[in-house]
$ cat protein.cif   # mmCIF, C-alpha atoms and all ligand atoms
data_data
#
loop_
_atom_site.label_atom_id
_atom_site.label_comp_id
_atom_site.auth_asym_id
_atom_site.auth_seq_id
_atom_site.Cartn_x
_atom_site.Cartn_y
_atom_site.Cartn_z
CA MET A 1 0.00 0.00 0.00
CA SER A 2 1.31 3.45 -0.75
CA LEU A 3 0.27 6.78 0.66
CA GLU A 4 1.15 10.02 -1.05
CA GLY A 5 0.61 13.47 0.34
CA VAL A 6 -2.17 12.34 2.65
CA ARG A 7 -3.77 15.22 4.49
CA GLY A 8 -6.67 14.81 6.87
CA TRP A 9 -9.01 17.00 8.91
CA TYR A 10 -11.51 16.80 11.73
CA GLY A 11 -13.74 19.75 10.89
CA PRO A 12 -11.44 22.76 10.63
CA SER A 13 -8.62 21.06 12.51
CA GLN A 14 -5.93 19.44 10.37
CA ALA A 15 -4.42 16.24 11.82
CA LEU A 16 -2.39 14.97 8.83
CA HIS A 17 -0.15 17.33 6.87
CA GLY A 18 0.95 15.40 3.78
CA VAL A 19 2.02 11.90 4.80
CA SER A 20 3.81 9.78 2.20
CA LEU A 21 4.90 6.24 2.97
CA THR A 22 4.88 2.74 1.54
CA VAL A 23 3.91 -0.41 3.37
CA ARG A 24 5.65 -3.28 1.57
CA ASP A 25 3.88 -6.59 1.08
CA GLY A 26 4.75 -9.04 3.83
CA GLU A 27 6.34 -6.58 6.22
CA VAL A 28 5.45 -5.28 9.66
CA LEU A 29 5.72 -1.48 9.58
CA ALA A 30 5.47 0.38 12.89
CA LEU A 31 4.10 3.92 13.10
CA LEU A 32 5.73 5.67 16.02
CA GLY A 33 5.12 9.09 17.54
CA ARG A 34 3.97 11.01 20.56
CA ASN A 35 0.33 11.26 21.60
CA GLY A 36 -1.42 13.44 19.08
CA ALA A 37 1.19 12.90 16.33
CA GLY A 38 -1.49 11.58 13.99
CA LYS A 39 -0.94 7.80 14.11
CA THR A 40 -4.55 6.87 14.78
CA SER A 41 -5.73 9.48 12.30
CA LEU A 42 -3.56 7.90 9.61
CA LEU A 43 -5.14 4.47 10.12
CA ARG A 44 -8.56 6.11 10.15
CA ALA A 45 -7.74 7.95 6.92
CA VAL A 46 -6.89 4.64 5.22
CA MET A 47 -10.13 3.08 6.46
CA GLY A 48 -12.30 5.94 5.20
CA LEU A 49 -13.14 6.96 8.76
CA LEU A 50 -11.73 10.47 8.75
CA PRO A 51 -14.27 13.13 7.79
CA ARG A 52 -12.04 14.74 5.16
CA VAL A 53 -8.91 13.39 3.48
CA ASP A 54 -6.97 14.31 0.38
CA GLY A 55 -3.89 12.89 -1.30
CA SER A 56 -3.66 9.31 -2.51
CA ILE A 57 -3.96 5.93 -0.73
CA ARG A 58 -3.41 3.07 -3.14
CA LEU A 59 -3.46 -0.67 -2.64
CA ARG A 60 -2.43 -2.84 -5.62
CA GLY A 61 -3.21 0.06 -7.91
CA VAL A 62 -6.67 0.70 -6.46
CA GLU A 63 -7.34 4.18 -5.09
CA LEU A 64 -8.90 3.85 -1.63
CA ARG A 65 -9.23 7.49 -0.75
CA GLY A 66 -12.83 8.64 -0.73
CA ARG A 67 -14.25 5.14 -0.36
CA PRO A 68 -16.48 4.22 2.58
CA PRO A 69 -15.08 1.86 5.25
CA HIS A 70 -16.89 -1.27 4.04
CA GLU A 71 -15.43 -0.84 0.56
CA VAL A 72 -11.93 -0.31 1.96
CA ALA A 73 -12.35 -3.48 4.04
CA ARG A 74 -13.42 -5.37 0.91
CA GLN A 75 -10.05 -4.60 -0.65
CA GLY A 76 -8.61 -6.95 1.99
CA ILE A 77 -7.84 -4.58 4.84
CA GLY A 78 -8.61 -5.47 8.45
CA TYR A 79 -8.73 -2.68 11.03
CA CYS A 80 -8.38 -3.17 14.74
CA PRO A 81 -9.14 0.16 16.48
CA ASP A 82 -7.56 1.22 19.75
CA ASP A 83 -10.75 0.47 21.70
CA ARG A 84 -10.67 -3.02 20.10
CA GLY A 85 -14.32 -2.80 19.06
CA ILE A 86 -15.53 -5.91 20.86
CA TYR A 87 -19.31 -6.08 21.28
CA ALA A 88 -19.91 -6.41 25.01
CA THR A 89 -23.21 -8.25 24.80
CA LEU A 90 -22.19 -10.72 22.08
CA SER A 91 -20.34 -13.93 22.85
CA VAL A 92 -16.77 -14.58 21.81
CA GLN A 93 -18.00 -16.80 19.00
CA GLU A 94 -20.52 -14.22 17.80
CA ASN A 95 -17.89 -11.49 17.87
CA LEU A 96 -15.57 -13.75 15.88
CA ARG A 97 -18.19 -14.43 13.21
CA LEU A 98 -19.39 -10.86 12.90
CA PRO A 99 -17.10 -9.31 10.27
CA PRO A 100 -17.98 -10.45 6.78
CA ARG A 101 -15.40 -12.41 4.82
CA VAL A 102 -13.72 -10.02 2.45
CA ALA A 103 -11.48 -12.54 0.69
CA GLU A 104 -10.65 -16.23 0.48
CA GLY A 105 -7.79 -17.67 2.48
CA GLY A 106 -8.51 -16.31 5.96
CA PHE A 107 -7.89 -18.44 9.04
CA ASP A 108 -10.81 -20.77 9.69
CA GLU A 109 -12.49 -20.86 13.07
CA ALA A 110 -10.91 -24.12 14.23
CA GLU A 111 -7.47 -22.80 13.37
CA LEU A 112 -8.13 -19.58 15.27
CA LEU A 113 -9.37 -21.38 18.34
CA ALA A 114 -6.24 -23.57 18.26
CA LEU A 115 -4.13 -20.46 17.99
CA PHE A 116 -6.03 -18.72 20.82
CA PRO A 117 -6.81 -21.41 23.41
CA ASN A 118 -8.18 -18.80 25.85
CA LEU A 119 -10.81 -17.80 23.34
CA ALA A 120 -11.74 -21.43 22.73
CA GLU A 121 -12.34 -21.90 26.45
CA ARG A 122 -14.45 -18.77 26.59
CA ALA A 123 -16.33 -19.18 23.30
CA ALA A 124 -19.72 -18.72 24.97
CA SER A 125 -18.69 -15.85 27.30
CA ALA A 126 -19.89 -12.33 26.65
CA GLY A 127 -17.34 -9.89 25.25
CA SER A 128 -17.67 -7.81 28.41
CA HIS A 129 -16.37 -10.72 30.50
CA LEU A 130 -13.05 -10.94 28.71
CA SER A 131 -9.80 -9.52 30.05
CA GLY A 132 -8.09 -6.77 28.07
CA GLY A 133 -5.67 -9.33 26.64
CA GLU A 134 -8.47 -11.66 25.58
CA GLN A 135 -10.33 -8.77 23.96
CA GLN A 136 -7.21 -7.86 21.99
CA MET A 137 -6.71 -11.48 20.89
CA LEU A 138 -10.36 -11.64 19.82
CA ALA A 139 -10.06 -8.39 17.89
CA ILE A 140 -7.06 -9.77 15.99
CA ALA A 141 -8.61 -13.22 15.52
CA ARG A 142 -11.70 -11.59 14.04
CA ILE A 143 -9.81 -9.81 11.29
CA LEU A 144 -7.69 -12.90 10.57
CA ARG A 145 -10.92 -14.80 9.89
CA SER A 146 -12.14 -12.15 7.46
CA GLY A 147 -9.51 -12.97 4.85
CA ALA A 148 -7.92 -9.51 5.02
CA ARG A 149 -4.21 -9.66 4.14
CA LEU A 150 -3.28 -6.18 5.31
CA LEU A 151 -3.88 -5.58 9.01
CA LEU A 152 -4.02 -2.12 10.56
CA LEU A 153 -3.53 -2.49 14.31
CA ASP A 154 -3.87 0.47 16.67
CA GLU A 155 -1.77 -0.05 19.82
CA PRO A 156 -2.46 -3.76 20.25
CA THR A 157 -0.29 -3.95 23.39
CA GLU A 158 -1.74 -0.96 25.23
CA GLY A 159 -2.50 -1.66 28.87
CA LEU A 160 -1.61 -5.35 28.65
CA ALA A 161 0.62 -7.42 30.94
CA PRO A 162 4.11 -8.28 29.61
CA VAL A 163 3.26 -11.96 29.19
CA ILE A 164 0.28 -11.07 26.98
CA VAL A 165 2.37 -8.55 25.03
CA GLU A 166 4.83 -11.36 24.29
CA ARG A 167 2.01 -13.57 23.07
CA ILE A 168 0.78 -10.88 20.73
CA GLY A 169 4.32 -10.47 19.40
CA ALA A 170 4.58 -14.22 18.74
CA LEU A 171 1.21 -14.19 17.03
CA LEU A 172 2.14 -11.30 14.75
CA ARG A 173 5.37 -13.08 13.78
CA ARG A 174 3.33 -16.12 12.72
CA VAL A 175 0.97 -13.92 10.80
CA ARG A 176 3.89 -12.32 8.96
CA GLU A 177 5.33 -15.79 8.20
CA ARG A 178 2.02 -16.56 6.49
CA GLY A 179 2.58 -13.61 4.21
CA TYR A 180 0.37 -11.03 5.90
CA THR A 181 1.26 -7.34 5.94
CA VAL A 182 0.89 -5.35 9.15
CA LEU A 183 0.76 -1.60 9.74
CA LEU A 184 1.07 -1.18 13.46
CA VAL A 185 0.62 1.91 15.65
CA GLU A 186 2.74 1.36 18.71
CA GLN A 187 3.81 3.31 21.78
CA ASN A 188 5.70 0.36 23.26
CA LEU A 189 9.02 0.95 21.53
CA GLY A 190 10.59 -2.25 22.85
CA PHE A 191 7.76 -4.26 21.33
CA ALA A 192 7.99 -2.42 18.01
CA ALA A 193 11.80 -2.76 17.91
CA ALA A 194 11.62 -6.52 18.49
CA LEU A 195 8.95 -7.09 15.87
CA ALA A 196 8.80 -4.56 13.06
CA ASP A 197 10.86 -4.67 9.86
CA ARG A 198 10.71 -0.90 9.50
CA HIS A 199 9.56 2.09 11.49
CA VAL A 200 8.16 5.48 10.52
CA LEU A 201 8.19 8.35 12.98
CA LEU A 202 5.34 10.87 12.85
CA GLU A 203 5.37 14.32 14.40
CA SER A 204 2.50 16.80 14.08
CA GLY A 205 0.92 14.85 11.25
CA ARG A 206 4.13 14.55 9.20
CA VAL A 207 6.69 11.79 8.59
CA VAL A 208 9.93 13.05 10.13
CA ALA A 209 12.11 9.93 10.07
CA ALA A 210 12.18 6.32 8.93
CA TYR A 211 14.34 3.45 10.19
CA ASP A 212 14.95 -0.13 9.27
CA GLY A 213 14.97 -2.57 12.19
CA GLU A 214 18.70 -2.38 12.73
CA ALA A 215 18.83 1.43 12.61
CA LEU A 216 16.03 1.67 15.15
CA ARG A 217 17.77 -0.69 17.55
CA ARG A 218 20.94 1.40 17.19
CA ASP A 219 19.13 4.72 17.79
CA PHE A 220 16.72 3.27 20.33
CA SER A 221 17.32 5.82 23.12
CA ALA A 222 17.15 8.81 20.81
CA VAL A 223 13.88 7.60 19.28
CA ALA A 224 12.48 6.79 22.73
CA ALA A 225 13.24 10.34 23.86
CA ARG A 226 11.66 11.73 20.72
CA ILE A 227 8.39 9.87 21.20
CA GLY A 228 8.37 10.52 24.93
CA VAL A 229 8.54 6.98 26.30
N1 LIG B 1 -12.27 13.20 16.83
C1 LIG B 1 -11.40 14.21 16.78
N2 LIG B 1 -11.82 15.48 16.62
C2 LIG B 1 -10.96 16.51 16.53
N3 LIG B 1 -9.61 16.36 16.60
C3 LIG B 1 -9.13 15.13 16.76
C4 LIG B 1 -9.99 13.98 16.85
N4 LIG B 1 -9.22 12.89 17.01
C5 LIG B 1 -7.93 13.33 17.00
N5 LIG B 1 -7.88 14.67 16.85
C6 LIG B 1 -6.65 15.49 16.76
O1 LIG B 1 -5.88 15.02 15.68
C7 LIG B 1 -4.49 15.05 16.01
C8 LIG B 1 -3.90 13.66 15.83
O2 LIG B 1 -4.49 12.75 16.76
P1 LIG B 1 -4.29 11.17 16.70
O3 LIG B 1 -5.26 10.55 17.65
O4 LIG B 1 -4.30 10.73 15.30
O5 LIG B 1 -2.83 11.04 17.26
P2 LIG B 1 -2.08 9.74 17.74
O6 LIG B 1 -0.69 9.88 17.27
O7 LIG B 1 -2.82 8.52 17.35
O8 LIG B 1 -2.11 9.90 19.29
P3 LIG B 1 -2.80 8.97 20.41
O9 LIG B 1 -1.79 7.95 20.71
O10 LIG B 1 -3.03 9.96 21.52
O11 LIG B 1 -4.07 8.46 19.82
C9 LIG B 1 -4.41 15.55 17.44
O12 LIG B 1 -4.12 16.92 17.41
C10 LIG B 1 -5.79 15.31 17.99
O13 LIG B 1 -6.10 16.25 18.98
#
$ encode --input "protein.cif" --output "C-alpha cells" --more "lines below"
Ligand SMILES: Nc1ncnc2c1ncn2[C@@H]1O[C@H](COP(=O)(O)OP(=O)(O)OP(=O)(O)O)[C@@H](O)[C@H]1O
Amino acid sequence: MSLEGVRGWYGPSQALHGVSLTVRDGEVLALLGRNGAGKTSLLRAVMGLLPRVDGSIRLRGVELRGRPPHEVARQGIGYCPDDRGIYATLSVQENLRLPPRVAEGGFDEAELLALFPNLAERAASAGSHLSGGEQQMLAIARILRSGARLLLLDEPTEGLAPVIVERIGALLRRVRERGYTVLLVEQNLGFAAALADRHVLLESGRVVAAYDGEALRRDFSAVAARIGV
C-alpha cells in the first residue's frame, strides 16, 4: 500500500499534513510518535473513517481514498481500532463471526481457536467478560478470519501485561510468516523494535524519520526520547 501526500481533517482542525509512505507486502511497519502525532488518524484515513482526506492511498493500484469503510475493508484490509471494538453483549463466537469475509484464504475458526486457546475456552462468554488481553486477541482473531491480508492495528499492546504482550508479538510473527502485511501503531518501543521490519516516525501529522529494524535498535534511546517513552 502506498500513501502520497495524505492530508486529513476533523472539521477545521488538520491532523495529517501530507504523509507519504509505503507499506511493503509481507512486512510489519510500525508507526511511532507522541500522543497526538497523527498515528490513529492515519489508520482512520486509510479506512475511510476520517471526515475529510486528500492525497492518494493506493493498494495494488486501487485508489482507496474517498471510499467508505466497508469498501476499503473489501479490498482486503482489516482494522483493529484502539478500543478493540468488541461487542460487550455478544459472545466470543458471535464477535468472531461478525465481520464479513472479504477474501478467500482467511484463518478458519478451528485454526483460530487452536491459535487462541483462551478464546476457545471462553467461546460462549460475553465480550464484556473478557480480560483486556483476551479482547485484543479476539479483535485480531476476528480480522484474521475475514480474509484480510493487510492488518491495521492500533496499539495492540496498550495496557496489557508483559506476558500477553509477548504472546501478541509471537502471534504477529506467525501472521507475517504466512505472508500477511501489518501496519502497526505502537507506543511500546521495545515491542515495536523486536517485531517490526521498519519504522516510521510521525510528528505533528508529518513523517519526520524512517528506520529499518537495525537502525532503530541502534538509535533506540534517541527515538524513545523523541516519542516521549
Ligand atoms: N475526533 C477528533 N476530533 C478533533 N480532533 C481530533 C480527533 N481525534 C484526534 N484529533 C486530533 O488530531 C491530532 C492527531 O491525533 P491522533 O489521535 O491521530 O494522534 P495519535 O498519534 O494517534 O495519538 P494517540 O496515541 O493519543 O491516539 C491531534 O491533534 C488530535 O487532537
$ residues_near_ligand --input "protein.cif" --ligand "ligand LIG 1 (chain B)" --cutoff "8 Å" --atoms "all atoms listed in the file" --output "ChimeraX atom specification"
/A:9-11,13-16,32-42,185,187,202,204-205
$ atom_distance --input "protein.cif" --atom1 "CA of Leu171 (chain A)" --atom2 "CA of Leu195 (chain A)"
10.6 Å
$ residues_around --input "protein.cif" --residues "Ser20 (chain A)" --least-positions-apart "2" --cutoff "7 Å" --atoms "all atoms listed in the file" --output "list in words"
Leu3, Glu4, Gly5, Val6 and Gly18 of chain A
$ closest_residue --input "protein.cif" --among "A:Arg44, A:Arg173, A:His129, A:Arg52" --to "Asp82 (chain A)" --atoms "all atoms listed in the file"
A:Arg44
$ residues_around --input "protein.cif" --residues "Leu150 (chain A)" --least-positions-apart "6" --cutoff "7 Å" --atoms "only C-alpha atoms" --output "PyMOL selection string"
chain A and resi 76-78+180-182
$ closest_residue --input "protein.cif" --among "A:Gly61, A:Gly213, A:Gly179, A:Gly26" --to "Phe191 (chain A)" --atoms "only C-alpha atoms"
A:Gly213
$ atom_distance --input "protein.cif" --atom1 "CA of Glu111 (chain A)" --atom2 "CA of Gly190 (chain A)"
29.0 Å
$ closest_residue --input "protein.cif" --among "A:Arg142, A:Arg176, A:Arg67, A:Arg97" --to "Arg24 (chain A)" --atoms "all atoms listed in the file"
A:Arg176
$ atom_distance --input "protein.cif" --atom1 "CA of Arg145 (chain A)" --atom2 "CA of Leu98 (chain A)"
9.8 Å
$ residues_around --input "protein.cif" --residues "Ala120 (chain A)" --least-positions-apart "4" --cutoff "12 Å" --atoms "all atoms listed in the file" --output "short mmCIF file (atom, residue, chain, number, x, y, z; two decimals) with C-alpha atoms, keeping the file's coordinate frame"
data_model
loop_
_atom_site.label_atom_id
_atom_site.label_comp_id
_atom_site.auth_asym_id
_atom_site.auth_seq_id
_atom_site.Cartn_x
_atom_site.Cartn_y
_atom_site.Cartn_z
CA SER A 91 -20.34 -13.93 22.85
CA VAL A 92 -16.77 -14.58 21.81
CA GLN A 93 -18.00 -16.80 19.00
CA LEU A 96 -15.57 -13.75 15.88
CA GLU A 109 -12.49 -20.86 13.07
CA ALA A 110 -10.91 -24.12 14.23
CA GLU A 111 -7.47 -22.80 13.37
CA LEU A 112 -8.13 -19.58 15.27
CA LEU A 113 -9.37 -21.38 18.34
CA ALA A 114 -6.24 -23.57 18.26
CA LEU A 115 -4.13 -20.46 17.99
CA PHE A 116 -6.03 -18.72 20.82
CA ALA A 124 -19.72 -18.72 24.97
CA SER A 125 -18.69 -15.85 27.30
CA GLU A 134 -8.47 -11.66 25.58
CA MET A 137 -6.71 -11.48 20.89
CA LEU A 138 -10.36 -11.64 19.82
CA ALA A 141 -8.61 -13.22 15.52
#
$ residues_near_point --input "protein.cif" --point "(-5.1, -20.6, 4.3)" --cutoff "10 Å" --atoms "all atoms listed in the file" --output "PyMOL selection string"
chain A and resi 104-108+111+145+147+178
$ closest_residue --input "protein.cif" --among "A:Asn118, A:Ser56, A:Gln136, A:Ser221" --to "Arg84 (chain A)" --atoms "all atoms listed in the file"
A:Gln136
